[in-house]
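What follows is a single structure, written as structure tokens, with notes after it.
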Amino acid sequence: MKRFETHWVEGYPVLAWQADRPWLAISSAAHGGGIGERDWVLNATVCTGYDRDDPDRHVAELAAAVGLTGTGTGLLTAVDVRHVVAVSDSGVHAAVTTGVGAHPTWAATPEAAPDRVHAGTINTVCWCPVRLSEGALVNAVATVTEAKTQALVEAGVPGTGTCTDAVVLLCPTSGPAEQYGGPRSRVGSALARAVHRAVAAGLLVPGARFTGR
């Protein structure tokens, strides 16, 4: 499931991964979020002024349009997903679309939540080669976030990310479960390196926003 196909739906590109067997996933996506078995992952470009209030349903519609089957999880972004950066490290695979826009944000800020969310989304999809316990999955999401933030800070981006960043992390459903996913663990260290490299490379992509075919 580490290879993706690029489809076009309603004039926008969609990255789709269809598994031949279920994977255990942890996801913060609008569709298929939480922890559970997933058969597919989708990362789709939407218009810059996207304002649908049912992204969960929209992802399901996109998945059906490209022929995905089973239970999945899906992400949306205004970035042209054809600019995805894929990096592998010690059996870990990361595929990242990096959209920061003009409005990165610091995680901790004294300001109240804004009435309007500014565009900009970093979507991170990762596969681990071995099963992780549920605790290790949560730990691994923190590792992904730390690695992403490290890349942003090193590039001089004034923020820890955007307010719509999302993560999907998948691993096999069987086998002995790794208990740790932190950045110094066996799997977590490779995960951190892969995500860091992918985000750093994604920040160098000129004009990542979708402008048409």
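Ordering of the structure tokens sets the chain letters (A, B, ...), residue numbers begin anew at 1 in every chain, and ligands are numbered from 1 in the order given.
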
Spatial neighbours of Gly161 of chain A, max dist 9 Å, only C-alpha atoms, sep filter under 6 positions, as a JSON list (two decimals) with N, CA, C and O atoms, in the first residue's frame:
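And here is the file that came out, out_17.json:
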```json
[["chain", "number", "residue", "atom", "x", "y", "z"],
["A", 100, "VAL", "N", 2.16, 25.44, 3.55],
["A", 100, "VAL", "CA", 2.25, 26.36, 4.68],
["A", 100, "VAL", "C", 1.53, 27.65, 4.39],
["A", 100, "VAL", "O", 0.88, 28.24, 5.25],
["A", 104, "PRO", "N", 1.47, 30.39, 8.59],
["A", 104, "PRO", "CA", 1.82, 29.36, 9.56],
["A", 104, "PRO", "C", 1.44, 29.84, 10.96],
["A", 104, "PRO", "O", 1.27, 31.05, 11.18],
["A", 105, "THR", "N", 1.34, 28.93, 11.89],
["A", 105, "THR", "CA", 0.92, 29.33, 13.23],
["A", 105, "THR", "C", 1.75, 28.62, 14.27],
["A", 105, "THR", "O", 2.24, 27.50, 14.05],
["A", 106, "TRP", "N", 1.93, 29.27, 15.41],
["A", 106, "TRP", "CA", 2.55, 28.63, 16.56],
["A", 106, "TRP", "C", 1.47, 27.87, 17.32],
["A", 106, "TRP", "O", 0.35, 28.34, 17.44],
["A", 107, "ALA", "N", 1.82, 26.72, 17.85],
["A", 107, "ALA", "CA", 0.83, 25.90, 18.55],
["A", 107, "ALA", "C", 0.26, 26.64, 19.77],
["A", 107, "ALA", "O", -0.95, 26.65, 20.00],
["A", 120, "GLY", "N", -3.68, 26.50, 4.28],
["A", 120, "GLY", "CA", -2.35, 25.99, 4.54],
["A", 120, "GLY", "C", -2.46, 24.67, 5.28],
["A", 120, "GLY", "O", -2.99, 24.63, 6.39],
["A", 121, "THR", "N", -1.99, 23.58, 4.70],
["A", 121, "THR", "CA", -2.14, 22.27, 5.32],
["A", 121, "THR", "C", -0.94, 21.40, 4.98],
["A", 121, "THR", "O", -0.55, 21.30, 3.83],
["A", 122, "ILE", "N", -0.36, 20.77, 5.99],
["A", 122, "ILE", "CA", 0.67, 19.76, 5.79],
["A", 122, "ILE", "C", 0.04, 18.41, 6.11],
["A", 122, "ILE", "O", -0.32, 18.13, 7.25],
["A", 145, "THR", "N", 4.98, 14.77, 14.36],
["A", 145, "THR", "CA", 4.76, 16.20, 14.58],
["A", 145, "THR", "C", 6.06, 16.90, 14.97],
["A", 145, "THR", "O", 6.35, 18.02, 14.51],
["A", 148, "LYS", "N", 8.22, 17.18, 11.82],
["A", 148, "LYS", "CA", 7.68, 18.22, 10.94],
["A", 148, "LYS", "C", 8.07, 19.61, 11.47],
["A", 148, "LYS", "O", 8.55, 20.47, 10.71],
["A", 149, "THR", "N", 7.89, 19.81, 12.76],
["A", 149, "THR", "CA", 8.19, 21.11, 13.35],
["A", 149, "THR", "C", 9.67, 21.42, 13.27],
["A", 149, "THR", "O", 10.07, 22.57, 13.00],
["A", 152, "LEU", "N", 10.36, 22.75, 9.86],
["A", 152, "LEU", "CA", 9.85, 24.11, 9.71],
["A", 152, "LEU", "C", 10.76, 25.13, 10.38],
["A", 152, "LEU", "O", 11.09, 26.17, 9.80]]
```

message = From a backbone DSSP assignment, name each residue in segment 70-167 of chain A labelled helix (DSSP H, G or I), as a PyMOL selection string.
response = chain A and resi 81-83+134-154

Quick one: residues within 7 Å of Leu24 of chain A, only C-alpha atoms counted, chain neighbours fewer than 5 positions away excluded, as a PDB file with C-alpha atoms, in the first residue's frame?
```pdb
ATOM      1  CA  GLY A  36      -8.783   1.105  13.536  1.00  0.00           C
ATOM      2  CA  GLU A  37      -8.239  -1.032  10.477  1.00  0.00           C
ATOM      3  CA  ARG A  38      -8.224   0.814   7.151  1.00  0.00           C
ATOM      4  CA  LEU A 170      -0.353   2.861   9.353  1.00  0.00           C
ATOM      5  CA  CYS A 171       1.235  -0.424  10.397  1.00  0.00           C
ATOM      6  CA  PRO A 172       0.549  -4.152   9.951  1.00  0.00           C
ATOM      7  CA  THR A 173      -2.312  -5.654  11.964  1.00  0.00           C
TER       8      THR A 173
END
```

ask   = Could you pull the residues within 7 Å of segment 187-198 of chain A, counting only C-alpha atoms, minus those fewer than 4 positions along the same chain, as a ChimeraX atom specification?
value = /A:85-90,92-94,96,140,143-144,147-148,151,181-183,202

Keeping only all heavy atoms, write those residues as a compact mmCIF listing (two decimals), in the first residue's frame.
```txt
# COMPACT_ATOMS: atom_id res chain seq x y z
N VAL A 85 5.96 14.54 -1.65
CA VAL A 85 7.35 14.11 -1.49
C VAL A 85 7.33 12.79 -0.72
O VAL A 85 6.82 12.73 0.40
CB VAL A 85 8.19 15.15 -0.73
CG1 VAL A 85 9.61 14.63 -0.51
CG2 VAL A 85 8.22 16.47 -1.49
N ALA A 86 7.88 11.74 -1.32
CA ALA A 86 7.92 10.42 -0.70
C ALA A 86 9.35 10.09 -0.30
O ALA A 86 10.27 10.21 -1.11
CB ALA A 86 7.38 9.37 -1.67
N VAL A 87 9.51 9.67 0.95
CA VAL A 87 10.83 9.35 1.49
C VAL A 87 10.74 8.02 2.24
O VAL A 87 9.77 7.78 2.97
CB VAL A 87 11.34 10.45 2.46
CG1 VAL A 87 12.65 10.03 3.11
CG2 VAL A 87 11.51 11.78 1.72
N SER A 88 11.75 7.18 2.07
CA SER A 88 11.82 5.91 2.78
C SER A 88 13.08 5.88 3.65
O SER A 88 14.13 6.42 3.25
CB SER A 88 11.85 4.73 1.80
OG SER A 88 10.65 4.69 1.05
N ASP A 89 12.96 5.23 4.80
CA ASP A 89 14.10 5.11 5.70
C ASP A 89 13.92 3.86 6.56
O ASP A 89 12.98 3.78 7.36
CB ASP A 89 14.22 6.35 6.60
CG ASP A 89 15.52 6.40 7.40
OD1 ASP A 89 15.82 5.42 8.10
OD2 ASP A 89 16.23 7.41 7.32
N SER A 90 14.78 2.88 6.36
CA SER A 90 14.78 1.66 7.19
C SER A 90 13.41 0.99 7.25
O SER A 90 12.98 0.54 8.31
CB SER A 90 15.26 1.99 8.61
OG SER A 90 16.54 2.59 8.58
N VAL A 92 10.49 2.36 6.83
CA VAL A 92 9.42 3.33 7.06
C VAL A 92 9.25 4.17 5.80
O VAL A 92 10.23 4.56 5.16
CB VAL A 92 9.76 4.25 8.26
CG1 VAL A 92 8.77 5.40 8.35
CG2 VAL A 92 9.77 3.46 9.56
N HIS A 93 8.02 4.45 5.44
CA HIS A 93 7.73 5.25 4.25
C HIS A 93 6.85 6.44 4.64
O HIS A 93 5.87 6.27 5.37
CB HIS A 93 7.01 4.41 3.20
CG HIS A 93 7.78 3.19 2.79
ND1 HIS A 93 8.72 3.19 1.79
CD2 HIS A 93 7.75 1.93 3.29
CE1 HIS A 93 9.24 1.99 1.67
NE2 HIS A 93 8.67 1.20 2.56
N ALA A 94 7.21 7.61 4.16
CA ALA A 94 6.43 8.83 4.42
C ALA A 94 6.11 9.51 3.10
O ALA A 94 6.98 9.63 2.22
CB ALA A 94 7.20 9.78 5.32
N VAL A 96 4.38 13.10 1.98
CA VAL A 96 3.96 14.36 2.58
C VAL A 96 3.64 15.40 1.52
O VAL A 96 4.40 15.58 0.56
CB VAL A 96 5.07 14.91 3.52
CG1 VAL A 96 4.59 16.19 4.21
CG2 VAL A 96 5.47 13.87 4.55
N ALA A 140 4.04 7.65 18.08
CA ALA A 140 4.57 7.88 16.74
C ALA A 140 3.98 9.12 16.10
O ALA A 140 4.66 9.83 15.34
CB ALA A 140 4.33 6.65 15.86
N THR A 143 5.94 11.87 17.31
CA THR A 143 7.23 11.88 16.63
C THR A 143 7.12 12.54 15.27
O THR A 143 7.97 13.35 14.87
CB THR A 143 7.76 10.45 16.50
OG1 THR A 143 8.01 9.92 17.81
CG2 THR A 143 9.05 10.41 15.69
N VAL A 144 6.07 12.19 14.51
CA VAL A 144 5.83 12.81 13.22
C VAL A 144 5.72 14.33 13.37
O VAL A 144 6.31 15.10 12.60
CB VAL A 144 4.56 12.24 12.56
CG1 VAL A 144 4.12 13.10 11.38
CG2 VAL A 144 4.78 10.80 12.13
N ALA A 147 9.10 15.95 14.18
CA ALA A 147 9.99 16.00 13.00
C ALA A 147 9.53 17.07 12.01
O ALA A 147 10.36 17.77 11.42
CB ALA A 147 10.02 14.62 12.34
N LYS A 148 8.22 17.18 11.82
CA LYS A 148 7.68 18.22 10.94
C LYS A 148 8.07 19.61 11.47
O LYS A 148 8.55 20.47 10.71
CB LYS A 148 6.16 18.11 10.89
CG LYS A 148 5.46 19.24 10.14
CD LYS A 148 3.99 19.34 10.52
CE LYS A 148 3.81 19.88 11.93
NZ LYS A 148 2.39 20.07 12.28
N ALA A 151 11.71 20.52 10.92
CA ALA A 151 11.98 20.96 9.55
C ALA A 151 11.51 22.39 9.32
O ALA A 151 12.20 23.18 8.64
CB ALA A 151 11.30 20.02 8.56
N GLY A 181 7.17 4.40 20.05
CA GLY A 181 7.22 5.06 18.75
C GLY A 181 7.91 6.41 18.83
O GLY A 181 7.79 7.21 17.91
N GLY A 182 8.62 6.65 19.93
CA GLY A 182 9.30 7.93 20.10
C GLY A 182 10.50 8.08 19.18
O GLY A 182 10.94 7.12 18.54
N PRO A 183 11.08 9.27 19.12
CA PRO A 183 12.14 9.55 18.14
C PRO A 183 13.43 8.79 18.36
O PRO A 183 14.28 8.74 17.47
CB PRO A 183 12.35 11.07 18.26
CG PRO A 183 11.83 11.42 19.61
CD PRO A 183 10.70 10.48 19.87
N GLY A 202 9.58 19.37 0.78
CA GLY A 202 8.31 19.97 0.37
C GLY A 202 8.29 21.47 0.49
O GLY A 202 7.63 22.16 -0.31
```

inquiry  = Set the distance at 7 Å and use only C-alpha atoms: which residues neighbour Leu203 of chain A once local chain neighbours fewer than 3 positions away are removed? I'd like the list as a list in words.
reply    = Thr98, Val199 and Ala200 of chain A

request  = Find the spatial neighbours of Asp56 of chain A, counting only C-alpha atoms, within a cut-off of 10 Å - ignore same-chain residues fewer than 5 positions away - and output them as a list in words.
outcome  =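 After dropping sequence-adjacent residues, the list is Ala29, Ala30, His31, Gly32, Gly33, Glu61, Thr73, Gly74, Leu75 and Leu76 of chain A.
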
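If you look at atom CA of Ala136 of chain A and atom CA of Trp17 of chain A, they are 23.2 Å away from each other.
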
task = List the neighbours of Trp23 of chain A out to 12 Å using only C-alpha atoms; skip same-chain residues closer than 4 positions along the sequence, and give me the result as a ChimeraX atom specification.
result = /A:1-2,17-19,27,35-41,70-73,126-132,168-174

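Compared by their closest atoms to Tyr180 of chain A, and using only C-alpha atoms, the residues A:Asn139, A:Asn123, A:Thr109, A:Gln150 rank with A:Asn139 nearest.
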
inquiry  = When DSSP is applied to the backbone of this structure, which of segment 32-195 of chain A are assigned strand (DSSP E or B)? Write them out as a PyMOL selection string.
reply    = chain A and resi 34-45+72-77+79+85-89+92-98+105+122-127+132+161+166-171+178

request  = Report the distance between atom CA of Arg57 of chain A and atom CA of Thr69 of chain A in Å, rounded to one decimal place.
outcome  =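 Taking atom CA of Arg57 of chain A and atom CA of Thr69 of chain A, their separation equals 15.1 Å.
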
ask   = Distance atom CA of Ile26 of chain A-atom CA of Leu137 of chain A, one decimal place?
value = 6.6 Å
